[in-house]
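Q: Structure in structure tokens, see below.
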Protein chains: 4
Amino acid sequence: MIFTFDIPIYYEDTDAGGIVYYANYLKFAERARTEFLHTLGLTNKEMLEQGFAIVVRRVEIDYKSPAQLEDVISVSSSLLELGAASMVMRQTMTRNDRELVNLKVYLAFIDVKALRPVRMPDALKEKLKPYLGEETCSRK
Amino acid sequence: MIFTFDIPIYYEDTDAGGIVYYANYLKFAERARTEFLHTLGLTNKEMLEQGFAIVVRRVEIDYKSPAQLEDVISVSSSLLELGAASMVMRQTMTRNDRELVNLKVYLAFIDVKALRPVRMPDALKEKLKPYLGEETCSRK
Amino acid sequence: MIFTFDIPIYYEDTDAGGIVYYANYLKFAERARTEFLHTLGLTNKEMLEQGFAIVVRRVEIDYKSPAQLEDVISVSSSLLELGAASMVMRQTMTRNDRELVNLKVYLAFIDVKALRPVRMPDALKEKLKPYLGEETCSRK
Amino acid sequence: MIFTFDIPIYYEDTDAGGIVYYANYLKFAERARTEFLHTLGLTNKEMLEQGFAIVVRRVEIDYKSPAQLEDVISVSSSLLELGAASMVMRQTMTRNDRELVNLKVYLAFIDVKALRPVRMPDALKEKLKPYLGEETCSRK
């Protein structure tokens, strides 16, 4: 399974080069991850109430083609790895099926008081499993 | 008539005070204005192709109550004044009918080559008229 | 007295119109206010430790001429009003003495626990007084 | 040689987690790259006038420890690779010698009209060479 979320591009997202500013794709990726968790029934607020948070440890991002003002880009999110206290997501941004940007995002579950890695809740892990898939296409 | 547009609040919008950063309401206001123009059949790109742009001359913004992570705020947009080459918009942001922020936004139509004020297209003005209304409630 | 602070314009500050995005001047204004407080010996962290914060109640911002990539703009900050629990600042942004943007910023001191207005510390008020001045030039 | 540039952290940079928002380190990295080019005598504007631009192809970013409000972080920039039309930079952000974030940034020189890779100017390449160094420490 893949979670898909659309992002409209506004002036705030662009820069004087006429295209989306390179840092802003990380904002889009996080919006998509947040909405993905919402569909699994989990909000950032609820996580904090349960004492844990999901933090980004590492991002690899490839810029292939730029998005522009008034584009609507589609963000596809799925899982490459699912550990006890971590996961790796693949997020791919496209416009009309053309790949613009892709990200490999390394996430860790941490206890917000101890600031230490913590096992993700079992119920959440079960909900995440269907989104786990091998990548059959290699990066060119 | 009033145009209403919903904005979900993500981590990117907040600051270390735990609330939405004060500059970001101007981003939300512009998203709402862009979507408003879309419903009138006009995109920023088309405006540029037609040789004009809408620029912000002045903003008055009142911060009444803060928005927070995971809120969904509603932006209501209408017109207070509609001139030949300018308009004044009222934009009000609420969460569950509680007013959070309101803006009075002074906009001008300019010729993008001459960088001078230019009359707005008649067809656009006709479409804008229904959104023009007097404010009957005074600011408390 | 007037506090002056320089801001270099980077790609992140601009938009597809080739100029600084209109919300970003509020970021610059807050950087200048933060640095102004630093020169008075006060950091945002220390304020929070002392139990108060300075919040923005209202902003009036006039956009007169746009800043562009690679500009260095100068932000001048002074006080128009200084109350027991509030103050009004004038912040003017220029490039080579040409006025680009000016803001009138209405600030309130609040108790961060009670979320209520609170008198500003006397020592701070004394340090602020020299920056208080009448505006002799009217807005054209 | 290593180019070092300091970045003060303001409210705009933080999020409701109380730390710097993860996308914003990419802004800091670009500020540092821009200032690095300035010390080499090159501005973004001059590059555009000469018909070329430096674009980001890929970023690998590791988040090791978060920066917070009122921190001043130091960005060190050097080169890992220097090709005919591309270069790879290492950018490391520290606070009091503690490593917070590091980035490996893959940059390409492109002709802004043809949107194709183009050789970087010889004079620029000569100025960049002293900043080229092998990394002797492996990532733990």
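Chain identifiers are assigned as A, B, and so on, following the order in which chains appear in the structure tokens; residues are numbered from 1 within each chain, and ligands are numbered from 1 in order of appearance.
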Show me, as number ranges by chain, the residues of chain C whose atoms get within 7 Å of chain D, using only C-alpha atoms for the distance check.

A: C: 10, 12, 27, 31

Q: Can you move chain D onto chain B by a least-squares fit over all C-alpha atoms paired in order, then give me the moved copy as an mmCIF file with C-alpha atoms, in the first residue's frame?

A:
```cif
data_model
loop_
_atom_site.group_PDB
_atom_site.id
_atom_site.type_symbol
_atom_site.label_atom_id
_atom_site.label_comp_id
_atom_site.auth_asym_id
_atom_site.auth_seq_id
_atom_site.Cartn_x
_atom_site.Cartn_y
_atom_site.Cartn_z
ATOM 1 C CA MET D 1 -20.699 36.245 -0.387
ATOM 2 C CA ILE D 2 -17.698 35.002 1.553
ATOM 3 C CA PHE D 3 -15.053 32.579 0.341
ATOM 4 C CA THR D 4 -13.979 30.029 2.959
ATOM 5 C CA PHE D 5 -10.840 27.897 2.882
ATOM 6 C CA ASP D 6 -9.487 25.492 5.490
ATOM 7 C CA ILE D 7 -5.822 25.329 6.547
ATOM 8 C CA PRO D 8 -4.390 22.449 8.586
ATOM 9 C CA ILE D 9 -1.584 23.409 10.979
ATOM 10 C CA TYR D 10 1.647 21.396 10.689
ATOM 11 C CA TYR D 11 4.939 21.510 12.606
ATOM 12 C CA GLU D 12 6.376 23.831 9.929
ATOM 13 C CA ASP D 13 3.828 26.491 10.929
ATOM 14 C CA THR D 14 4.593 26.519 14.655
ATOM 15 C CA ASP D 15 7.401 27.937 16.757
ATOM 16 C CA ALA D 16 9.075 27.198 20.092
ATOM 17 C CA GLY D 17 6.270 29.073 21.854
ATOM 18 C CA GLY D 18 4.073 26.101 20.928
ATOM 19 C CA ILE D 19 1.836 28.194 18.676
ATOM 20 C CA VAL D 20 1.707 29.282 15.039
ATOM 21 C CA TYR D 21 4.525 31.732 14.221
ATOM 22 C CA TYR D 22 3.069 35.189 13.645
ATOM 23 C CA ALA D 23 4.377 35.654 10.089
ATOM 24 C CA ASN D 24 2.792 32.416 8.911
ATOM 25 C CA TYR D 25 -0.753 33.765 9.070
ATOM 26 C CA LEU D 26 0.243 35.920 6.097
ATOM 27 C CA LYS D 27 1.080 32.726 4.209
ATOM 28 C CA PHE D 28 -2.335 31.293 5.079
ATOM 29 C CA ALA D 29 -3.996 34.516 3.979
ATOM 30 C CA GLU D 30 -2.292 34.314 0.620
ATOM 31 C CA ARG D 31 -3.183 30.659 0.128
ATOM 32 C CA ALA D 32 -6.814 31.634 0.726
ATOM 33 C CA ARG D 33 -6.600 34.567 -1.716
ATOM 34 C CA THR D 34 -5.047 32.294 -4.355
ATOM 35 C CA GLU D 35 -7.781 29.677 -3.928
ATOM 36 C CA PHE D 36 -10.385 32.456 -4.007
ATOM 37 C CA LEU D 37 -9.062 33.624 -7.379
ATOM 38 C CA HIS D 38 -9.037 30.019 -8.588
ATOM 39 C CA THR D 39 -12.766 29.748 -7.849
ATOM 40 C CA LEU D 40 -13.191 32.901 -9.958
ATOM 41 C CA GLY D 41 -11.304 31.130 -12.743
ATOM 42 C CA LEU D 42 -8.017 32.984 -12.443
ATOM 43 C CA THR D 43 -4.540 31.644 -11.629
ATOM 44 C CA ASN D 44 -1.387 33.610 -10.801
ATOM 45 C CA LYS D 45 0.148 32.209 -13.973
ATOM 46 C CA GLU D 46 -2.712 33.440 -16.146
ATOM 47 C CA MET D 47 -2.474 36.884 -14.586
ATOM 48 C CA LEU D 48 1.226 37.056 -15.459
ATOM 49 C CA GLU D 49 0.439 35.911 -19.015
ATOM 50 C CA GLN D 50 -2.140 38.719 -19.233
ATOM 51 C CA GLY D 51 0.559 41.121 -18.057
ATOM 52 C CA PHE D 52 -0.722 42.016 -14.635
ATOM 53 C CA ALA D 53 -0.227 40.972 -11.017
ATOM 54 C CA ILE D 54 -1.948 41.643 -7.726
ATOM 55 C CA VAL D 55 0.455 43.030 -5.142
ATOM 56 C CA VAL D 56 0.033 43.680 -1.441
ATOM 57 C CA ARG D 57 0.398 47.355 -0.509
ATOM 58 C CA ARG D 58 -0.484 47.190 3.181
ATOM 59 C CA VAL D 59 -1.651 44.697 5.779
ATOM 60 C CA GLU D 60 -3.258 45.309 9.140
ATOM 61 C CA ILE D 61 -3.290 42.112 11.159
ATOM 62 C CA ASP D 62 -4.779 41.545 14.609
ATOM 63 C CA TYR D 63 -3.711 38.546 16.654
ATOM 64 C CA LYS D 64 -6.503 37.621 19.062
ATOM 65 C CA SER D 65 -5.902 33.992 19.972
ATOM 66 C CA PRO D 66 -3.201 31.602 18.756
ATOM 67 C CA ALA D 67 -3.614 28.556 16.520
ATOM 68 C CA GLN D 68 -1.759 25.394 17.499
ATOM 69 C CA LEU D 69 -0.348 22.182 16.064
ATOM 70 C CA GLU D 70 -3.050 19.919 14.556
ATOM 71 C CA ASP D 71 -5.648 22.703 14.503
ATOM 72 C CA VAL D 72 -7.579 23.172 11.306
ATOM 73 C CA ILE D 73 -8.343 26.834 10.869
ATOM 74 C CA SER D 74 -10.928 28.342 8.577
ATOM 75 C CA VAL D 75 -10.075 31.438 6.539
ATOM 76 C CA SER D 76 -13.014 33.603 5.435
ATOM 77 C CA SER D 77 -12.286 36.142 2.714
ATOM 78 C CA SER D 78 -14.462 38.973 1.449
ATOM 79 C CA LEU D 79 -14.067 42.486 0.030
ATOM 80 C CA LEU D 80 -14.382 45.769 1.899
ATOM 81 C CA GLU D 81 -13.553 47.985 -1.077
ATOM 82 C CA LEU D 82 -13.347 47.453 -4.821
ATOM 83 C CA GLY D 83 -11.701 50.184 -6.886
ATOM 84 C CA ALA D 84 -10.583 50.465 -10.484
ATOM 85 C CA ALA D 85 -7.052 49.234 -9.791
ATOM 86 C CA SER D 86 -7.227 48.196 -6.171
ATOM 87 C CA MET D 87 -9.249 46.346 -3.582
ATOM 88 C CA VAL D 88 -9.304 45.863 0.163
ATOM 89 C CA MET D 89 -9.991 42.423 1.557
ATOM 90 C CA ARG D 90 -11.063 41.311 5.000
ATOM 91 C CA GLN D 91 -9.709 37.904 5.937
ATOM 92 C CA THR D 92 -10.761 36.300 9.208
ATOM 93 C CA MET D 93 -9.301 33.112 10.625
ATOM 94 C CA THR D 94 -11.336 31.052 13.063
ATOM 95 C CA ARG D 95 -11.205 27.681 14.810
ATOM 96 C CA ASN D 96 -14.612 26.324 15.781
ATOM 97 C CA ASP D 97 -16.104 29.797 15.303
ATOM 98 C CA ARG D 98 -13.600 31.401 17.658
ATOM 99 C CA GLU D 99 -11.818 34.289 15.980
ATOM 100 C CA LEU D 100 -8.051 33.811 16.043
ATOM 101 C CA VAL D 101 -6.671 36.368 13.628
ATOM 102 C CA ASN D 102 -8.071 38.913 11.232
ATOM 103 C CA LEU D 103 -6.435 40.847 8.444
ATOM 104 C CA LYS D 104 -7.286 43.856 6.357
ATOM 105 C CA VAL D 105 -5.286 43.494 3.141
ATOM 106 C CA TYR D 106 -4.803 46.371 0.688
ATOM 107 C CA LEU D 107 -4.141 45.039 -2.809
ATOM 108 C CA ALA D 108 -3.186 46.802 -6.026
ATOM 109 C CA PHE D 109 -3.303 45.648 -9.624
ATOM 110 C CA ILE D 110 -0.084 46.449 -11.439
ATOM 111 C CA ASP D 111 1.205 46.113 -14.962
ATOM 112 C CA VAL D 112 4.132 43.725 -14.574
ATOM 113 C CA LYS D 113 6.199 45.409 -17.297
ATOM 114 C CA ALA D 114 5.604 49.041 -16.459
ATOM 115 C CA LEU D 115 5.327 48.273 -12.710
ATOM 116 C CA ARG D 116 2.477 50.797 -12.608
ATOM 117 C CA PRO D 117 -1.104 50.555 -11.380
ATOM 118 C CA VAL D 118 -3.421 49.172 -14.016
ATOM 119 C CA ARG D 119 -7.233 48.778 -14.118
ATOM 120 C CA MET D 120 -8.337 45.293 -13.250
ATOM 121 C CA PRO D 121 -10.070 43.380 -16.088
ATOM 122 C CA ASP D 122 -13.821 44.151 -16.241
ATOM 123 C CA ALA D 123 -14.697 40.469 -16.250
ATOM 124 C CA LEU D 124 -12.778 39.962 -13.024
ATOM 125 C CA LYS D 125 -14.384 42.988 -11.391
ATOM 126 C CA GLU D 126 -17.835 41.598 -12.130
ATOM 127 C CA LYS D 127 -16.885 38.295 -10.508
ATOM 128 C CA LEU D 128 -15.508 40.079 -7.452
ATOM 129 C CA LYS D 129 -18.567 42.280 -6.821
ATOM 130 C CA PRO D 130 -20.682 39.643 -5.048
ATOM 131 C CA TYR D 131 -17.957 39.318 -2.399
ATOM 132 C CA LEU D 132 -18.117 43.030 -1.579
ATOM 133 C CA GLY D 133 -19.850 43.843 1.670
ATOM 134 C CA GLU D 134 -19.945 46.432 4.393
ATOM 135 C CA GLU D 135 -18.728 45.423 7.790
ATOM 136 C CA THR D 136 -21.577 45.753 10.205
ATOM 137 C CA CYS D 137 -19.625 44.750 13.291
ATOM 138 C CA SER D 138 -17.104 47.216 14.652
ATOM 139 C CA ARG D 139 -13.782 46.061 16.074
ATOM 140 C CA LYS D 140 -14.045 45.776 19.839
#
```

Q: What parts of chain B does DSSP call alpha helix (DSSP H)? I'd like the answer as a list in words.

A: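 The residues of chain B classed as alpha helix (DSSP H) are Asn24, Tyr25, Leu26, Lys27, Phe28, Ala29, Glu30, Arg31, Ala32, Arg33, Thr34, Glu35, Phe36, Leu37, His38, Thr39, Asn44, Lys45, Glu46, Met47, Leu48, Glu49, Asp122, Ala123, Leu124, Lys125, Glu126, Lys127 and Leu128 of chain B.
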
Q: Apply DSSP to the structure's backbone, then extract all residues of chain A labelled strand (DSSP E) and return them as a PyMOL selection string.

A: chain A and resi 3-8+52-63+72-82+86-95+98-111+116-117
